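Engineer: Below is the structure I would like to discuss, written out as structure tokens.
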Amino acid sequence: MHPNKLTFESENLQVDYISFKFQKLENSTQRKIADYLFKLGFNSYKESGKLTKPIKESILVSSKNKFEVCFVGDNPYWDGTLLHFSGLNASRFYFFSKEQIIDWTIFSSAVLSRFDLYFERNYKTADKISGREFLQNCQKNLKQTNKNSSLEKNRKGWILKIGNRKSNHYFRIYETKNSLRFEHEMKGKVLQQYHLLLVENRFEEFEQKLSYQFFISFGKFLSLQFSYLDWLVLKLRPIRKQTFLQSALNSDYIKSEILMTTRSFVMLLQFLTYAQHLDFEIESLGGVPYRQVTFKVRDFLEFQNPTIKSTNHYQLEKIKKFLQQLQTGVFLTSFDDTHFQSLVAIPQVKLEKSSKQKYWIARVWLIDELFYYNYPFYLPNIFQTKLTKDKLEVRFKFIQVFTSVNIEKVFFIQEFLSSYSSVISNQRKNNIKKYFIQLVQLFKEHDLIEDNYKIISNGHYYFTKEFNTHDISEGFVIYEKLSI
DNA sequence: TTGTGCGTGGACCAGGTTGT
DNA sequence: ACAACCTGGTCCACGCACAA
């Protein structure tokens with residue numbers, strides 16, 4: 001399965017409601033549908049849409065059947081009929097659809113009219129605020145926009161309703177026993193486009209589109225800094241609109257501790273970016289397609305750092321060592337995501353000197369899937385230049401903190417400075433702080449961060465619109481901008 | 001005079017809201 | 001549910017100011 005494909009299963013989305021509409025449903029057709037669904041385990045009921053408290057009448061019911069559907073006819077302002085599958089009934093019906101045992105000719109006069117999905121976010125001990133406080137905060141933010149919302153308490157707990165029930169997109173976030181449930185209700189024209197995908201069994205596309213819609217919709221009006229939305233941030237990063245920078249450095253989530261030198265790790269990041277644009281041949285090893293890329297070692301050196309001569313023996317030697325290290329897999333553990341780790345596993349590296357020419361040629365096998373991977377981060381390549389030790393460490397630290405899960409990025413400067421084993425002068429400390437600020441400016445120019453920051457003083461965080469070196473002696477905070 | 005750059009307003013679209 | 005209506009946002013043409 002393609003890693004960039006969103007499926008309900010991979011995204012942990014549950015189907016919670018499905019309904020179909022019939023512009024005109026004859027009794028005979030209704031009977032036929034009821035019979036058909038009865039055989040699949042669904043009891044049929046009917047209701048009148050006119051009554052506020054509808055009475056459920058049986059059409060075809062047996063105690064053997066565990067599921068049910070409801071026909072709603074006799075509507076005000078409209079003389080069609082709706083067929084509702086609620087909760088588990090919907091998820092059962094969708095299961096049958098995916099197993100391709102639904103005979104869609106029975107439903108030929110029906111159009112998909114509503115589809116609900118939900119995501120369940122379990123409470124975690126690290127959550128700083130309660131679910132209720134989170135909902136209150138969400139509502140506070142929503143009030144500043146023109147979206148209408150209401151926060152109510154029902155017998156199960158608090159529930160935040162967003163949008164108009166009648167509108168095409170309606171959202172509810174509510175408490176359950178040990179989770180928050182994020183529910184999205186889709187209706188109308190937007191949904192009707194997907195009707196064909198469903199009845200033609202094009203589930204990959206169907207689920208891809210609806211999952212995408214689900215994440216984007218929630219992302220549009222929720223403030224992502226809350227821990228209850230950690231799952232959403234992870235989903236949105238790879239599918240957001242990324243302004244592609246020239247020679248962007250693509251990166252996945254990097255661990256807060258890496259077990260190698262900064263220079264080697266930076267070289268790996270550069271190599272992953274470099275390899276994207278190389279010519280290749282596909283070869284299969286044990287059923288898995290690999291890309292065999294071939295390149296001159298000196299070309300990679302030039303890509304890595306255009307300011308040094310590509311014939312620099314010392315630098316070439318370092319790259320060769322690095323390439324040989326690649327196949328040992330020591331780099332993998334520096335990435336947080338296990339799936340990504342498996343993608344950057346490199347089975348083989350070959351170095352050879354062409355007999356006629358004088359340059360070294362490298363052949364590297366990379367998993368082909370890696371090249372279709374939607375990286376969560378595309379960053380300016382801030383390493384393509386000769387860097388002093390301090391500059392390099394600062395730049396790497398910056399990338400490392402930036403490629404963390406939370407959209408709030410906290411830089412502890414004091415801690416960073418004290419990690420130096422030797423005593424460092426105040427002037428040097430000052431320069432280090434300057435390097436950090438330069439990077440903040442650079443990221444701001446690339447529109448990768450919001451323009452409000454925080455500075456840390458005596459352990460407290462203060463909002464600010466700008467800062468300079470003496471404001472950040474303890475540290476500072478920036479916020480990643482997720483444009484969707 | 002001509003070309004460039006920027007700011008304004010109107011057309012258009014998508015989306016949500018309202019009335020039946 | 002549907003159509004009519006409203007709204008906010010984007011895009012582009014147009015025109016103005018300014019420099020070459």
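The way I read the labels, and the way they are meant: chains A, B, ... in the order of the structure tokens, residue 1 as the first residue of every chain, and ligand 1 as the first ligand shown, with later ones counted on from there.
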Give me, as a PyMOL selection string, the residues of chain B touching chain A, with the criterion being at most 10 Å (counting only C-alpha atoms (C1' of nucleotides)).
Structural biologist: chain B and resi 15-17+20
Engineer: Running DSSP on the backbone, which parts of segment 107-172 of chain A land in alpha helix (DSSP H), as a PyMOL selection string?
Structural biologist: chain A and resi 131-144
Engineer: Quick check: residues of chain A within 12 Å of chain C, only C-alpha atoms (C1' of nucleotides), returned as a list of chain:residue names.
Structural biologist: A:Phe20, A:Lys21, A:Phe22, A:Gln23, A:Gly49, A:Gly73, A:Asp74, A:Asn75, A:Pro76, A:Tyr77, A:Trp78, A:Asp79, A:Gly80, A:Thr81, A:Leu82, A:Ser113, A:Arg114, A:Thr145, A:Asn146, A:Lys166, A:Ser167, A:Asn168, A:Lys187, A:Gly188, A:Lys189
Engineer: Residues within 12 Å of Glu200 of chain A, please, as a PyMOL selection string. Count only C-alpha atoms (C1' of nucleotides); anything in the same chain fewer than 6 positions from it doesn't count.
Structural biologist: chain A and resi 97-98+100+102-105+108+194+206
Engineer: Would you mind exporting N, CA and C atoms of the selected residues as a PDB file, in the first residue's frame?
Structural biologist:
ATOM      1  N   SER A  97     -19.841  -2.931   1.793  1.00  0.00           N
ATOM      2  CA  SER A  97     -19.515  -2.278   0.532  1.00  0.00           C
ATOM      3  C   SER A  97     -18.087  -2.588   0.132  1.00  0.00           C
ATOM      4  N   LYS A  98     -17.212  -2.490   1.134  1.00  0.00           N
ATOM      5  CA  LYS A  98     -15.796  -2.718   0.839  1.00  0.00           C
ATOM      6  C   LYS A  98     -15.523  -4.167   0.473  1.00  0.00           C
ATOM      7  N   GLN A 100     -17.334  -5.705  -1.244  1.00  0.00           N
ATOM      8  CA  GLN A 100     -17.966  -5.756  -2.542  1.00  0.00           C
ATOM      9  C   GLN A 100     -19.103  -6.760  -2.608  1.00  0.00           C
ATOM     10  N   ILE A 102     -22.205  -5.665  -1.794  1.00  0.00           N
ATOM     11  CA  ILE A 102     -23.428  -4.889  -1.975  1.00  0.00           C
ATOM     12  C   ILE A 102     -23.779  -4.858  -3.461  1.00  0.00           C
ATOM     13  N   ASP A 103     -25.019  -5.205  -3.761  1.00  0.00           N
ATOM     14  CA  ASP A 103     -25.493  -5.143  -5.135  1.00  0.00           C
ATOM     15  C   ASP A 103     -26.056  -3.750  -5.379  1.00  0.00           C
ATOM     16  N   TRP A 104     -25.230  -2.907  -6.003  1.00  0.00           N
ATOM     17  CA  TRP A 104     -25.632  -1.499  -6.136  1.00  0.00           C
ATOM     18  C   TRP A 104     -26.802  -1.290  -7.090  1.00  0.00           C
ATOM     19  N   THR A 105     -27.112  -2.302  -7.906  1.00  0.00           N
ATOM     20  CA  THR A 105     -28.255  -2.117  -8.806  1.00  0.00           C
ATOM     21  C   THR A 105     -29.552  -1.973  -8.006  1.00  0.00           C
ATOM     22  N   SER A 108     -30.045   1.665  -7.333  1.00  0.00           N
ATOM     23  CA  SER A 108     -29.712   2.476  -8.516  1.00  0.00           C
ATOM     24  C   SER A 108     -30.350   3.864  -8.494  1.00  0.00           C
ATOM     25  N   TYR A 194     -18.825  12.109  -4.639  1.00  0.00           N
ATOM     26  CA  TYR A 194     -18.157  10.867  -4.245  1.00  0.00           C
ATOM     27  C   TYR A 194     -19.053   9.648  -4.384  1.00  0.00           C
ATOM     28  N   PHE A 206     -12.095   7.030  -2.851  1.00  0.00           N
ATOM     29  CA  PHE A 206     -13.176   7.454  -1.958  1.00  0.00           C
ATOM     30  C   PHE A 206     -12.631   7.797  -0.570  1.00  0.00           C
TER      31      PHE A 206
END
Engineer: Based on DSSP run over this structure's backbone, return all residues of segment 123-304 of chain A in strand (DSSP E), as a PyMOL selection string.
Structural biologist: chain A and resi 149-154+157-162+169-175+179-187+249-251+280-285+288-296
Engineer: Could you jot down the atom CA of Ile456 of chain A to atom CA of Ser418 of chain A separation for me, Å, one decimal place?
Structural biologist: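 Here the two named atoms are 16.4 Å from each other.
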Engineer: Under the rule of at most 8 Å, produce a per-residue listing of segment 199-296 of chain A near segment 347-362 of chain A: chain, number, name, the closest pair of atoms, and the distance in Å, as a Markdown table, using only C-alpha atoms.
Structural biologist:
| residue | atom | partner | partner_atom | distance |
| --- | --- | --- | --- | --- |
| A:Thr294 | CA | A:Ala362 | CA | 5.7 |
| A:Phe295 | CA | A:Ala362 | CA | 5.5 |
| A:Lys296 | CA | A:Ile361 | CA | 4.5 |
Engineer: Measure the distance from atom CA of Gln192 of chain A to atom CA of Ala90 of chain A in Å and round it to one decimal.
Structural biologist: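 Computing it gives 17.3 Å between the two atoms.
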Engineer: Counting only C-alpha atoms, which of A:Glu204, A:Glu281, A:Glu68, A:Asp471 gets nearest to Leu366 of chain A?
Structural biologist: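 Looking only at the distances to Leu366 of chain A, the closest residue turns out to be A:Glu281.
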Engineer: Fewer than 2 positions away in the same chain doesn't count, so skip those; otherwise give me all residues within 8 Å of Ser483 of chain A, counting only C-alpha atoms (C1' of nucleotides), as a ChimeraX atom specification.
Structural biologist: /A:240-242,481
Engineer: Write the residues you've just listed into a file as an mmCIF file, in the first residue's frame, and include all heavy atoms for each of them.
Structural biologist:
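Output file result23.cif is given in full below:
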data_model
loop_
_atom_site.group_PDB
_atom_site.id
_atom_site.type_symbol
_atom_site.label_atom_id
_atom_site.label_comp_id
_atom_site.auth_asym_id
_atom_site.auth_seq_id
_atom_site.Cartn_x
_atom_site.Cartn_y
_atom_site.Cartn_z
ATOM 1 N N ARG A 240 -0.297 19.372 3.761
ATOM 2 C CA ARG A 240 -0.493 20.824 3.699
ATOM 3 C C ARG A 240 0.041 21.370 2.375
ATOM 4 O O ARG A 240 0.780 20.718 1.666
ATOM 5 C CB ARG A 240 0.249 21.498 4.850
ATOM 6 C CG ARG A 240 1.757 21.395 4.677
ATOM 7 C CD ARG A 240 2.491 22.176 5.706
ATOM 8 N NE ARG A 240 3.551 21.403 6.315
ATOM 9 C CZ ARG A 240 4.443 21.926 7.141
ATOM 10 N NH1 ARG A 240 4.373 23.194 7.462
ATOM 11 N NH2 ARG A 240 5.371 21.177 7.669
ATOM 12 N N LYS A 241 -0.342 22.614 2.115
ATOM 13 C CA LYS A 241 0.202 23.295 0.942
ATOM 14 C C LYS A 241 1.592 23.765 1.288
ATOM 15 O O LYS A 241 1.757 24.659 2.089
ATOM 16 C CB LYS A 241 -0.653 24.517 0.598
ATOM 17 C CG LYS A 241 -1.925 24.197 -0.121
ATOM 18 C CD LYS A 241 -2.609 25.494 -0.531
ATOM 19 C CE LYS A 241 -4.081 25.248 -0.788
ATOM 20 N NZ LYS A 241 -4.933 26.278 -0.232
ATOM 21 N N GLN A 242 2.586 23.169 0.714
ATOM 22 C CA GLN A 242 3.937 23.578 1.036
ATOM 23 C C GLN A 242 4.479 24.403 -0.118
ATOM 24 O O GLN A 242 4.422 23.989 -1.256
ATOM 25 C CB GLN A 242 4.829 22.355 1.248
ATOM 26 C CG GLN A 242 4.207 21.371 2.204
ATOM 27 C CD GLN A 242 5.193 20.859 3.221
ATOM 28 O OE1 GLN A 242 5.950 21.633 3.780
ATOM 29 N NE2 GLN A 242 5.185 19.580 3.475
ATOM 30 N N LYS A 481 4.077 27.444 11.133
ATOM 31 C CA LYS A 481 2.891 27.846 10.383
ATOM 32 C C LYS A 481 2.467 26.687 9.485
ATOM 33 O O LYS A 481 3.244 26.220 8.655
ATOM 34 C CB LYS A 481 3.239 29.074 9.528
ATOM 35 C CG LYS A 481 2.033 29.788 8.971
ATOM 36 C CD LYS A 481 2.479 31.136 8.417
ATOM 37 C CE LYS A 481 1.327 31.946 7.881
ATOM 38 N NZ LYS A 481 1.780 33.289 7.499
#
